[in-house]
There are 4 protein chains.
Amino acid sequence: MIRAGVIGYGYWGPNIVRNFRACGAIDLACVCDTSSEQLARVRAEHPLLRTTSNIADVFADRTLDAVAIITPVASHFELGMAALAAGKHVWVEKPLTASSEEALRLAAEADAKKRVLFVDHTFLYTGAVEALRTICAAGGIGHLVSYDSVRANLGRYRHDVNALWDLAVHDVSILDYALGARVLAVSATGLANVQGLPEASAFMTGWLDGDAILHVHADWFSPLKARTTTIAGDRRMVVYDDNEPVEKVRVFDRGVVVERGAGTPRVSYRTGGVEAPALAKTEALTVAASHFAECVAESKKPITDGELGLRVVRVLEAAQRSMRAQGRPVELDPF
Amino acid sequence: MIRAGVIGYGYWGPNIVRNFRACGAIDLACVCDTSSEQLARVRAEHPLLRTTSNIADVFADRTLDAVAIITPVASHFELGMAALAAGKHVWVEKPLTASSEEALRLAAEADAKKRVLFVDHTFLYTGAVEALRTICAAGGIGHLVSYDSVRANLGRYRHDVNALWDLAVHDVSILDYALGARVLAVSATGLANVQGLPEASAFMTGWLDGDAILHVHADWFSPLKARTTTIAGDRRMVVYDDNEPVEKVRVFDRGVVVERGAGTPRVSYRTGGVEAPALAKTEALTVAASHFAECVAESKKPITDGELGLRVVRVLEAAQRSMRAQGRPVELDPF
Amino acid sequence: MIRAGVIGYGYWGPNIVRNFRACGAIDLACVCDTSSEQLARVRAEHPLLRTTSNIADVFADRTLDAVAIITPVASHFELGMAALAAGKHVWVEKPLTASSEEALRLAAEADAKKRVLFVDHTFLYTGAVEALRTICAAGGIGHLVSYDSVRANLGRYRHDVNALWDLAVHDVSILDYALGARVLAVSATGLANVQGLPEASAFMTGWLDGDAILHVHADWFSPLKARTTTIAGDRRMVVYDDNEPVEKVRVFDRGVVVERGAGTPRVSYRTGGVEAPALAKTEALTVAASHFAECVAESKKPITDGELGLRVVRVLEAAQRSMRAQGRPVELDPF
Amino acid sequence: MIRAGVIGYGYWGPNIVRNFRACGAIDLACVCDTSSEQLARVRAEHPLLRTTSNIADVFADRTLDAVAIITPVASHFELGMAALAAGKHVWVEKPLTASSEEALRLAAEADAKKRVLFVDHTFLYTGAVEALRTICAAGGIGHLVSYDSVRANLGRYRHDVNALWDLAVHDVSILDYALGARVLAVSATGLANVQGLPEASAFMTGWLDGDAILHVHADWFSPLKARTTTIAGDRRMVVYDDNEPVEKVRVFDRGVVVERGAGTPRVSYRTGGVEAPALAKTEALTVAASHFAECVAESKKPITDGELGLRVVRVLEAAQRSMRAQGRPVELDPF
């Protein structure tokens, strides 16, 4: 059992509080929010939980092993550094920080202080992504050809980051974790249809090591909700549709057969069966919370550590630069 | 009744032959193909139809008013010019030509010769696109914000053109005809997963006049068939799903409401009803064939004339240049 | 503001407690359950709420205006009568009672005591059913021809009632409320695939006044979840799919056109447009709770009063009799 | 190569003609129809095929080995007997005859004359039903619990038979062939919404040997097209959705686990993976035609012989009797 405090009770904070309590491995000591309105919500929903509007109180509380930072992206770096300075293990909402420079420094500081830095890429703790990882690790799709994702719906416009930082962040982290693929360069485009807010409709192409391609369409201005990821390998293809209630992951035994001779290659098509594996059903955030508690207790690196968080931010940062230049390709700096 | 010959009986030719005969306004006189295998197919399917393997015979046949050119893109220009030289009206498979220079010259020649130049952008003759046009022309969607299309499936790899020329060609022509939007610049990316063949997976963003955006995902290497176009206006949104057997076009009374004051704008979401209009059911190619016959008979410009065909080719050509430069934006030359 | 107690905190009780609190018109005073395990759940989820394991305490509490009975069907009659005897207004879970005789006596007693008897046919308070009612009341479907419903999924096997009492209960009440149709006779069949438990797969046909037909397939042993109601009128047809996240109700302008002359009639088919109205989004149980509180406060009959509850039980009872006789038709006794 | 003639070129006849020619094992000699309009269609579609309006000519043609009878159900018996009398092998459209007595006599006559009697239950020759049969034969679903089918759409009202004879005929034959199940008794209900025509909406429950149940909803008056068969076994469940373009058959590793002790049984639910086998893609009618030709050539019993055709008619006949008695159960006479 580790003892933790939560900073931030806006859109996502309530889920963190509920799952920290549900996972059985975290003793949730207090919730902090600078808005008295949000604190009133905490008290209504969790009458017995201690609340404070003073962030410094949380860091000063010596009984706490860990702090969860569930605040706007721009504040992650400063709050994370303060938490590490106070000797706390840190859970931070994704994306890790607003820039790769911040991410690099925060990850280095956690290493130096020997504290756990856990980035809440929740999706990586779902049964669906675990199944993707298992399938790909076993060579099930063969050589990766393309990873295409559509994450569209109407709303929730964010003020702090654009649709790529909000939604493509999932794909960049899934690609990293489940497929082990690295992004070499990106081209991104987008449209801010509400003046004064970030791009609501955004498109990103990434070139991957091993001659594969990544494409993400992230959109807050679309009539229907889509959460569909299509992963095409040269042996098999996978569709991960998070809208599906049960068969979220389907593996298609489909592909092309190429015959080479004189002249242009002849391509024929192969359509075999389909399988949808049974998926683990535990809520992802509960799994994540347990994993965090275990990493703190046993001084282990989490799956979603600062390095992974940094790699994700670097891709998003490059995409943002490309978007400002209307799709001009941007190479990721070598480490 | 006009009298016509068809050149090319490969993948699409049989549809042309069937619909020319079905439309009631065209007297189909002969079919030409240089492959004896294809000519044998013609005779099996249409035992009473005259066939020839000699293209010159077709142009020399004085009884023919018109010639349909259903051959690989690279040959459109030469065959089209020859047909015009022989005084024929010309139906040509889309895309019009392999380059905008060719398209410009062919369109100019048709004008000079006072012949009809009809480009077979079949989709523009569907009930669905007609409904789109009617809705948009009546201001039904308000101001266009974005046009996004996914055309994916497994196969049919083409040898002559990439997935954008094969599939995005539909979107560029629909955008032109049904929404009256012009593309100012494009950024495109793609992957050729079969070495020696064109890009099978391709993505294109286009910036439109009036601050709107176009995005197309065209793919021959995807496990599931998608033919989904989402058009978002600031009043309403439309989804055109060609996979749907009946409700192909749905109009969503959805959008955002922006409140502006001090600070960042506040956005709320509006979710009203949905309507799917009844669509004309005549097969598009039959409608197209009748329209062609009428234009020839009455010396009229078709909806899909050389100008439209040229505008489409110019966008695709720019996209191809951008794709070679990994997404670098390419502006369309002003006329 | 009325003051109420809840008896029963099993599967459905937690929803009642949550919505009584959420509706703003009910002061929830206490929750009673005879299981100490369930009471522990109440305290975990609502730490400040009074609990008791003694049902008599609830009836004896003079501060309570109303009691909600959320217990197995077999106990509804006895608890309902006791509540009325104690002068309470009564909310009772559907179906009202286990027999029409009980329902008749309970409804009569509520009338005699001038208390509100509210049957929780929750569906009747959804935006979807309200839309159905509005459409049908306005003559939108014309003359009713058939009402067909499929409610299938895997699980939740009930011990007290079969799949018809569990699921068809919704259809019988929707038919009564939204379409004003009465069932004249029924034929029902079913299969109990787990020995010792009620029929998990059940089918019911009902003949309605006005030459229309009702059919329900209710199933706990089916791999996929279906909640689809199809209502065919001679003018238009409606599909109400409760699995759809947004477009739950769709109105199809479809039907047949019958030409009569000598010989057999000629039938042709009409396929017009489709409309999905925007639906009210307030949670149905919140609407129901507010309506209950208002009826108590203003001494009004609720929409789902004892009479409606009785009519529903009479149909289910007849279906059960038919099912025991392998589909032999059973007429409903005239009142 | 066998030589055959076809009688009847209405709704289904053209498919027979096309597939007899396509299968490569049948020399189609002539087509007969009493309507000159239909014969004109034959000549337009097959200019080189001999036509006649005189049925007697077909039977008298000594060069013919076989005759296909594609006429209304009421004429099957008489034409079938005449064909056998002329020494022809017989292909007859499903259902075999209008009554079990006729079916019995026709099957007996074929046996006596040592001729092949082939009933065109086309579905049994699809890759989907073959996969169902393979799965069930291998014990894949365990013990059959229920077979439920919905075959609904708007139109095609038939004049000769009701929706059960038109559509449930598929299910009765699939059940017989793929699951080897026999129907012991039936209860059926229905509604004729167009006066003067057969029941357009019909429902049938059948009790099967081995304590399983069959249910079919057959409907010509429904807004959406459904072709969904759900087969639940105690080990696994299968959904066969003929509307699906590719994954028509899906096997669900789902079910219940029953724990028995004192008191009522405890039921828990099992949700494992899903598999969709690759299906043979040859058009069913081509497979059927080849099988017929082979049976004629090698004097074999076809899969869909007179015995199977008779068993199917017996179930439909019993259902019709039950329907007239509003669902009263009707037992099938023991053979």
# chains A, B, ... in the order shown; residues from 1 in each chain; ligands from 1

$ interface_residues --of "chain D" --to "chain C" --cutoff "6 Å" --atoms "only C-alpha atoms" --output "list in words"
Ser187, Gly327, Arg328 and Pro329 of chain D

$ write_last_selection --atoms "N, CA and C atoms" --output "PDB file, in the first residue's frame"
ATOM      1  N   SER D 187     -45.385 -24.375 -33.686  1.00  0.00           N
ATOM      2  CA  SER D 187     -46.442 -23.400 -33.423  1.00  0.00           C
ATOM      3  C   SER D 187     -46.120 -22.198 -34.295  1.00  0.00           C
ATOM      4  N   GLY D 327     -51.590 -20.396 -33.651  1.00  0.00           N
ATOM      5  CA  GLY D 327     -50.472 -20.827 -32.828  1.00  0.00           C
ATOM      6  C   GLY D 327     -50.672 -22.141 -32.100  1.00  0.00           C
ATOM      7  N   ARG D 328     -51.856 -22.729 -32.211  1.00  0.00           N
ATOM      8  CA  ARG D 328     -52.067 -24.039 -31.580  1.00  0.00           C
ATOM      9  C   ARG D 328     -50.957 -24.973 -32.045  1.00  0.00           C
ATOM     10  N   PRO D 329     -50.292 -25.680 -31.126  1.00  0.00           N
ATOM     11  CA  PRO D 329     -49.172 -26.531 -31.544  1.00  0.00           C
ATOM     12  C   PRO D 329     -49.646 -27.685 -32.429  1.00  0.00           C
TER      13      PRO D 329
END

$ residues_around --residues "range 106-113 of chain B" --least-positions-apart "5" --cutoff "8 Å" --atoms "only C-alpha atoms" --output "number ranges by chain"
B: 77, 80-81, 84, 87, 306-307, 310

$ atom_distance --atom1 "CA of Trp165 in chain C" --atom2 "CA of Pro95 in chain C"
7.2 Å

$ residues_around --residues "Asp57 in chain C" --least-positions-apart "3" --cutoff "12 Å" --atoms "only C-alpha atoms" --output "ChimeraX atom specification"
/C:5-7,29-34,50-54,60-64,67,82-83,86

$ select_by_dssp --residues "range 100-215 of chain C" --states "strand (DSSP E)" --output "ChimeraX atom specification"
/C:117-120,144-154,183-191,201-208,212-215

$ write_last_selection --atoms "N, CA, C and O atoms" --output "compact mmCIF listing (two decimals), in the first residue's frame"
# COMPACT_ATOMS: atom_id res chain seq x y z
N LEU C 117 -49.71 5.05 -6.75
CA LEU C 117 -49.05 3.76 -7.01
C LEU C 117 -48.31 3.92 -8.34
O LEU C 117 -48.95 4.08 -9.39
N PHE C 118 -47.01 3.92 -8.26
CA PHE C 118 -46.16 4.20 -9.42
C PHE C 118 -45.40 2.93 -9.78
O PHE C 118 -44.66 2.39 -8.95
N VAL C 119 -45.58 2.45 -11.02
CA VAL C 119 -44.85 1.26 -11.46
C VAL C 119 -43.65 1.73 -12.29
O VAL C 119 -43.80 2.50 -13.22
N ASP C 120 -42.48 1.23 -11.95
CA ASP C 120 -41.26 1.72 -12.61
C ASP C 120 -41.03 1.07 -13.96
O ASP C 120 -40.09 0.29 -14.15
N LEU C 144 -51.36 1.08 -37.45
CA LEU C 144 -50.35 0.10 -36.99
C LEU C 144 -50.58 -1.25 -37.65
O LEU C 144 -51.70 -1.78 -37.65
N VAL C 145 -49.52 -1.84 -38.19
CA VAL C 145 -49.59 -3.18 -38.77
C VAL C 145 -48.88 -4.19 -37.87
O VAL C 145 -49.44 -5.21 -37.52
N SER C 146 -47.65 -3.87 -37.47
CA SER C 146 -46.93 -4.84 -36.64
C SER C 146 -45.91 -4.15 -35.74
O SER C 146 -45.36 -3.10 -36.09
N TYR C 147 -45.72 -4.73 -34.58
CA TYR C 147 -44.74 -4.27 -33.60
C TYR C 147 -43.89 -5.48 -33.29
O TYR C 147 -44.39 -6.48 -32.77
N ASP C 148 -42.61 -5.42 -33.65
CA ASP C 148 -41.73 -6.57 -33.44
C ASP C 148 -40.50 -6.15 -32.66
O ASP C 148 -39.86 -5.15 -32.99
N SER C 149 -40.16 -6.90 -31.64
CA SER C 149 -39.04 -6.52 -30.79
C SER C 149 -38.14 -7.71 -30.53
O SER C 149 -38.62 -8.81 -30.28
N VAL C 150 -36.84 -7.45 -30.61
CA VAL C 150 -35.86 -8.47 -30.24
C VAL C 150 -35.04 -7.92 -29.08
O VAL C 150 -34.42 -6.86 -29.21
N ARG C 151 -35.07 -8.59 -27.96
CA ARG C 151 -34.27 -8.22 -26.79
C ARG C 151 -33.47 -9.45 -26.39
O ARG C 151 -33.95 -10.31 -25.68
N ALA C 152 -32.27 -9.52 -26.92
CA ALA C 152 -31.46 -10.72 -26.72
C ALA C 152 -30.06 -10.32 -26.27
O ALA C 152 -29.56 -9.25 -26.62
N ASN C 153 -29.45 -11.16 -25.49
CA ASN C 153 -28.06 -10.98 -25.06
C ASN C 153 -27.65 -12.24 -24.31
O ASN C 153 -28.46 -13.16 -24.16
N LEU C 154 -26.43 -12.28 -23.86
CA LEU C 154 -25.99 -13.42 -23.04
C LEU C 154 -26.09 -13.01 -21.58
O LEU C 154 -25.37 -12.10 -21.15
N VAL C 183 -53.82 -5.68 -26.32
CA VAL C 183 -53.58 -7.07 -26.73
C VAL C 183 -54.84 -7.88 -26.47
O VAL C 183 -55.36 -7.88 -25.35
N LEU C 184 -55.35 -8.56 -27.50
CA LEU C 184 -56.57 -9.34 -27.37
C LEU C 184 -56.30 -10.81 -27.02
O LEU C 184 -57.07 -11.44 -26.32
N ALA C 185 -55.22 -11.33 -27.55
CA ALA C 185 -54.89 -12.74 -27.32
C ALA C 185 -53.40 -12.92 -27.58
O ALA C 185 -52.79 -12.10 -28.26
N VAL C 186 -52.84 -13.97 -27.00
CA VAL C 186 -51.41 -14.22 -27.20
C VAL C 186 -51.13 -15.69 -27.42
O VAL C 186 -51.90 -16.56 -27.00
N SER C 187 -50.01 -15.94 -28.09
CA SER C 187 -49.46 -17.29 -28.22
C SER C 187 -47.98 -17.16 -27.88
O SER C 187 -47.30 -16.29 -28.42
N ALA C 188 -47.50 -18.00 -26.97
CA ALA C 188 -46.10 -17.87 -26.57
C ALA C 188 -45.45 -19.23 -26.48
O ALA C 188 -46.08 -20.24 -26.20
N THR C 189 -44.16 -19.25 -26.76
CA THR C 189 -43.37 -20.48 -26.68
C THR C 189 -42.05 -20.14 -26.01
O THR C 189 -41.68 -18.97 -25.92
N GLY C 190 -41.34 -21.15 -25.56
CA GLY C 190 -40.07 -20.85 -24.91
C GLY C 190 -39.30 -22.09 -24.55
O GLY C 190 -39.80 -23.21 -24.67
N LEU C 191 -38.07 -21.87 -24.15
CA LEU C 191 -37.19 -22.98 -23.77
C LEU C 191 -36.38 -22.59 -22.54
O LEU C 191 -35.80 -21.52 -22.49
N SER C 201 -35.14 -18.42 -23.29
CA SER C 201 -35.45 -18.02 -24.66
C SER C 201 -36.96 -18.10 -24.82
O SER C 201 -37.54 -19.17 -24.62
N ALA C 202 -37.58 -16.98 -25.15
CA ALA C 202 -39.04 -16.98 -25.21
C ALA C 202 -39.51 -16.12 -26.37
O ALA C 202 -38.86 -15.14 -26.75
N PHE C 203 -40.64 -16.53 -26.93
CA PHE C 203 -41.20 -15.86 -28.10
C PHE C 203 -42.69 -15.64 -27.85
O PHE C 203 -43.36 -16.53 -27.34
N MET C 204 -43.18 -14.48 -28.19
CA MET C 204 -44.59 -14.18 -27.95
C MET C 204 -45.18 -13.47 -29.15
O MET C 204 -44.62 -12.50 -29.65
N THR C 205 -46.31 -13.97 -29.60
CA THR C 205 -47.10 -13.24 -30.59
C THR C 205 -48.37 -12.74 -29.91
O THR C 205 -49.00 -13.49 -29.16
N GLY C 206 -48.73 -11.50 -30.14
CA GLY C 206 -49.99 -10.97 -29.60
C GLY C 206 -50.83 -10.42 -30.73
O GLY C 206 -50.32 -9.78 -31.65
N TRP C 207 -52.14 -10.70 -30.66
CA TRP C 207 -53.05 -10.11 -31.64
C TRP C 207 -53.64 -8.85 -31.02
O TRP C 207 -54.14 -8.87 -29.88
N LEU C 208 -53.59 -7.75 -31.76
CA LEU C 208 -53.98 -6.46 -31.22
C LEU C 208 -55.31 -6.02 -31.79
O LEU C 208 -55.70 -6.47 -32.88
N ALA C 212 -53.73 -5.72 -35.92
CA ALA C 212 -52.28 -5.62 -35.95
C ALA C 212 -51.69 -6.76 -35.13
O ALA C 212 -52.41 -7.52 -34.47
N ILE C 213 -50.38 -6.88 -35.18
CA ILE C 213 -49.73 -8.02 -34.52
C ILE C 213 -48.53 -7.53 -33.72
O ILE C 213 -47.88 -6.54 -34.08
N LEU C 214 -48.29 -8.22 -32.63
CA LEU C 214 -47.15 -7.94 -31.75
C LEU C 214 -46.30 -9.19 -31.73
O LEU C 214 -46.83 -10.30 -31.65
N HIS C 215 -44.98 -9.02 -31.81
CA HIS C 215 -44.11 -10.18 -31.66
C HIS C 215 -42.89 -9.77 -30.86
O HIS C 215 -42.32 -8.71 -31.11

$ closest_residue --among "D:Val17, D:Leu79, D:Val116, D:Ala44" --to "Glu298 in chain D" --atoms "only C-alpha atoms"
D:Val116

$ atom_distance --atom1 "CA of Gly139 in chain A" --atom2 "CA of Ala276 in chain A"
16.5 Å

$ atom_distance --atom1 "CA of Glu130 in chain D" --atom2 "CA of Ala280 in chain D"
8.4 Å

$ closest_residue --among "A:Leu167, A:Leu48, A:Val312, A:Val296" --to "Lys114 in chain A" --atoms "only C-alpha atoms"
A:Val296

$ select_by_dssp --residues "range 195-300 of chain C" --states "helix (DSSP H, G or I)" --output "VMD selection string"
chain C and resid 284 to 298

$ closest_residue --among "A:Gln320, A:Thr126, A:Ser299, A:Thr134" --to "Lys281 in chain A" --atoms "only C-alpha atoms"
A:Thr126

$ residues_around --residues "Ala181 in chain A" --least-positions-apart "3" --cutoff "7 Å" --atoms "only C-alpha atoms" --output "MDAnalysis selection string"
chainID A and resid 175:176 208:209

$ write_last_selection --atoms "N, CA, C and O atoms" --output "short mmCIF file (atom, residue, chain, number, x, y, z; two decimals), in the first residue's frame"
data_model
loop_
_atom_site.label_atom_id
_atom_site.label_comp_id
_atom_site.auth_asym_id
_atom_site.auth_seq_id
_atom_site.Cartn_x
_atom_site.Cartn_y
_atom_site.Cartn_z
N LEU A 175 1.88 2.71 -30.85
CA LEU A 175 2.88 2.32 -31.83
C LEU A 175 4.20 2.00 -31.13
O LEU A 175 4.88 1.03 -31.47
N ASP A 176 4.56 2.83 -30.18
CA ASP A 176 5.82 2.66 -29.45
C ASP A 176 5.79 1.38 -28.63
O ASP A 176 6.69 0.54 -28.71
N LEU A 208 8.21 5.47 -40.60
CA LEU A 208 8.73 4.63 -39.52
C LEU A 208 9.98 3.90 -39.98
O LEU A 208 10.18 3.70 -41.18
N ASP A 209 10.79 3.51 -39.02
CA ASP A 209 11.92 2.65 -39.38
C ASP A 209 11.34 1.36 -39.98
O ASP A 209 10.28 0.90 -39.59
#

$ closest_residue --among "A:Ala262, A:Ile303, A:Val287, A:Ala319" --to "Val216 in chain A" --atoms "only C-alpha atoms"
A:Ala319

$ closest_residue --among "D:Leu308, D:Val161, D:Ala226, D:Leu132" --to "Ala74 in chain D" --atoms "only C-alpha atoms"
D:Val161

$ decode --residues "range 88-103 of chain C" --atoms "N, CA, C and O atoms" --output "short mmCIF file (atom, residue, chain, number, x, y, z; two decimals), in the first residue's frame"
data_model
loop_
_atom_site.label_atom_id
_atom_site.label_comp_id
_atom_site.auth_asym_id
_atom_site.auth_seq_id
_atom_site.Cartn_x
_atom_site.Cartn_y
_atom_site.Cartn_z
N LYS C 88 -48.27 5.16 3.01
CA LYS C 88 -47.22 5.65 2.12
C LYS C 88 -47.67 5.65 0.66
O LYS C 88 -48.43 4.77 0.24
N HIS C 89 -47.12 6.58 -0.10
CA HIS C 89 -47.17 6.47 -1.56
C HIS C 89 -46.16 5.41 -1.96
O HIS C 89 -45.15 5.22 -1.27
N VAL C 90 -46.43 4.72 -3.08
CA VAL C 90 -45.61 3.54 -3.40
C VAL C 90 -45.02 3.64 -4.81
O VAL C 90 -45.74 3.87 -5.78
N TRP C 91 -43.73 3.44 -4.88
CA TRP C 91 -43.00 3.21 -6.14
C TRP C 91 -42.66 1.74 -6.14
O TRP C 91 -42.05 1.25 -5.17
N VAL C 92 -43.04 1.01 -7.20
CA VAL C 92 -42.74 -0.42 -7.21
C VAL C 92 -42.06 -0.79 -8.52
O VAL C 92 -42.39 -0.28 -9.59
N GLU C 93 -41.08 -1.66 -8.38
CA GLU C 93 -40.34 -2.10 -9.56
C GLU C 93 -41.28 -2.84 -10.51
O GLU C 93 -42.24 -3.45 -10.09
N LYS C 94 -41.02 -2.81 -11.80
CA LYS C 94 -41.83 -3.55 -12.76
C LYS C 94 -41.34 -4.99 -12.81
O LYS C 94 -40.15 -5.21 -12.58
N PRO C 95 -42.17 -5.96 -13.16
CA PRO C 95 -43.61 -5.82 -13.30
C PRO C 95 -44.29 -5.61 -11.94
O PRO C 95 -43.74 -6.02 -10.91
N LEU C 96 -45.47 -5.03 -11.99
CA LEU C 96 -46.16 -4.60 -10.76
C LEU C 96 -46.26 -5.73 -9.74
O LEU C 96 -45.90 -5.57 -8.57
N THR C 97 -46.76 -6.89 -10.18
CA THR C 97 -46.92 -8.03 -9.27
C THR C 97 -46.73 -9.32 -10.07
O THR C 97 -46.51 -9.27 -11.28
N ALA C 98 -46.85 -10.43 -9.37
CA ALA C 98 -46.64 -11.73 -10.02
C ALA C 98 -47.91 -12.26 -10.66
O ALA C 98 -47.88 -13.28 -11.34
N SER C 99 -49.07 -11.62 -10.41
CA SER C 99 -50.32 -12.08 -11.01
C SER C 99 -51.25 -10.91 -11.20
O SER C 99 -51.11 -9.87 -10.53
N SER C 100 -52.21 -11.08 -12.11
CA SER C 100 -53.14 -9.98 -12.36
C SER C 100 -54.08 -9.79 -11.17
O SER C 100 -54.52 -8.66 -10.92
N GLU C 101 -54.36 -10.87 -10.45
CA GLU C 101 -55.24 -10.72 -9.28
C GLU C 101 -54.56 -9.81 -8.26
O GLU C 101 -55.19 -8.88 -7.73
N GLU C 102 -53.31 -10.05 -7.99
CA GLU C 102 -52.56 -9.19 -7.07
C GLU C 102 -52.53 -7.74 -7.58
O GLU C 102 -52.71 -6.79 -6.81
N ALA C 103 -52.29 -7.60 -8.88
CA ALA C 103 -52.18 -6.25 -9.45
C ALA C 103 -53.50 -5.50 -9.28
O ALA C 103 -53.53 -4.31 -8.93
#
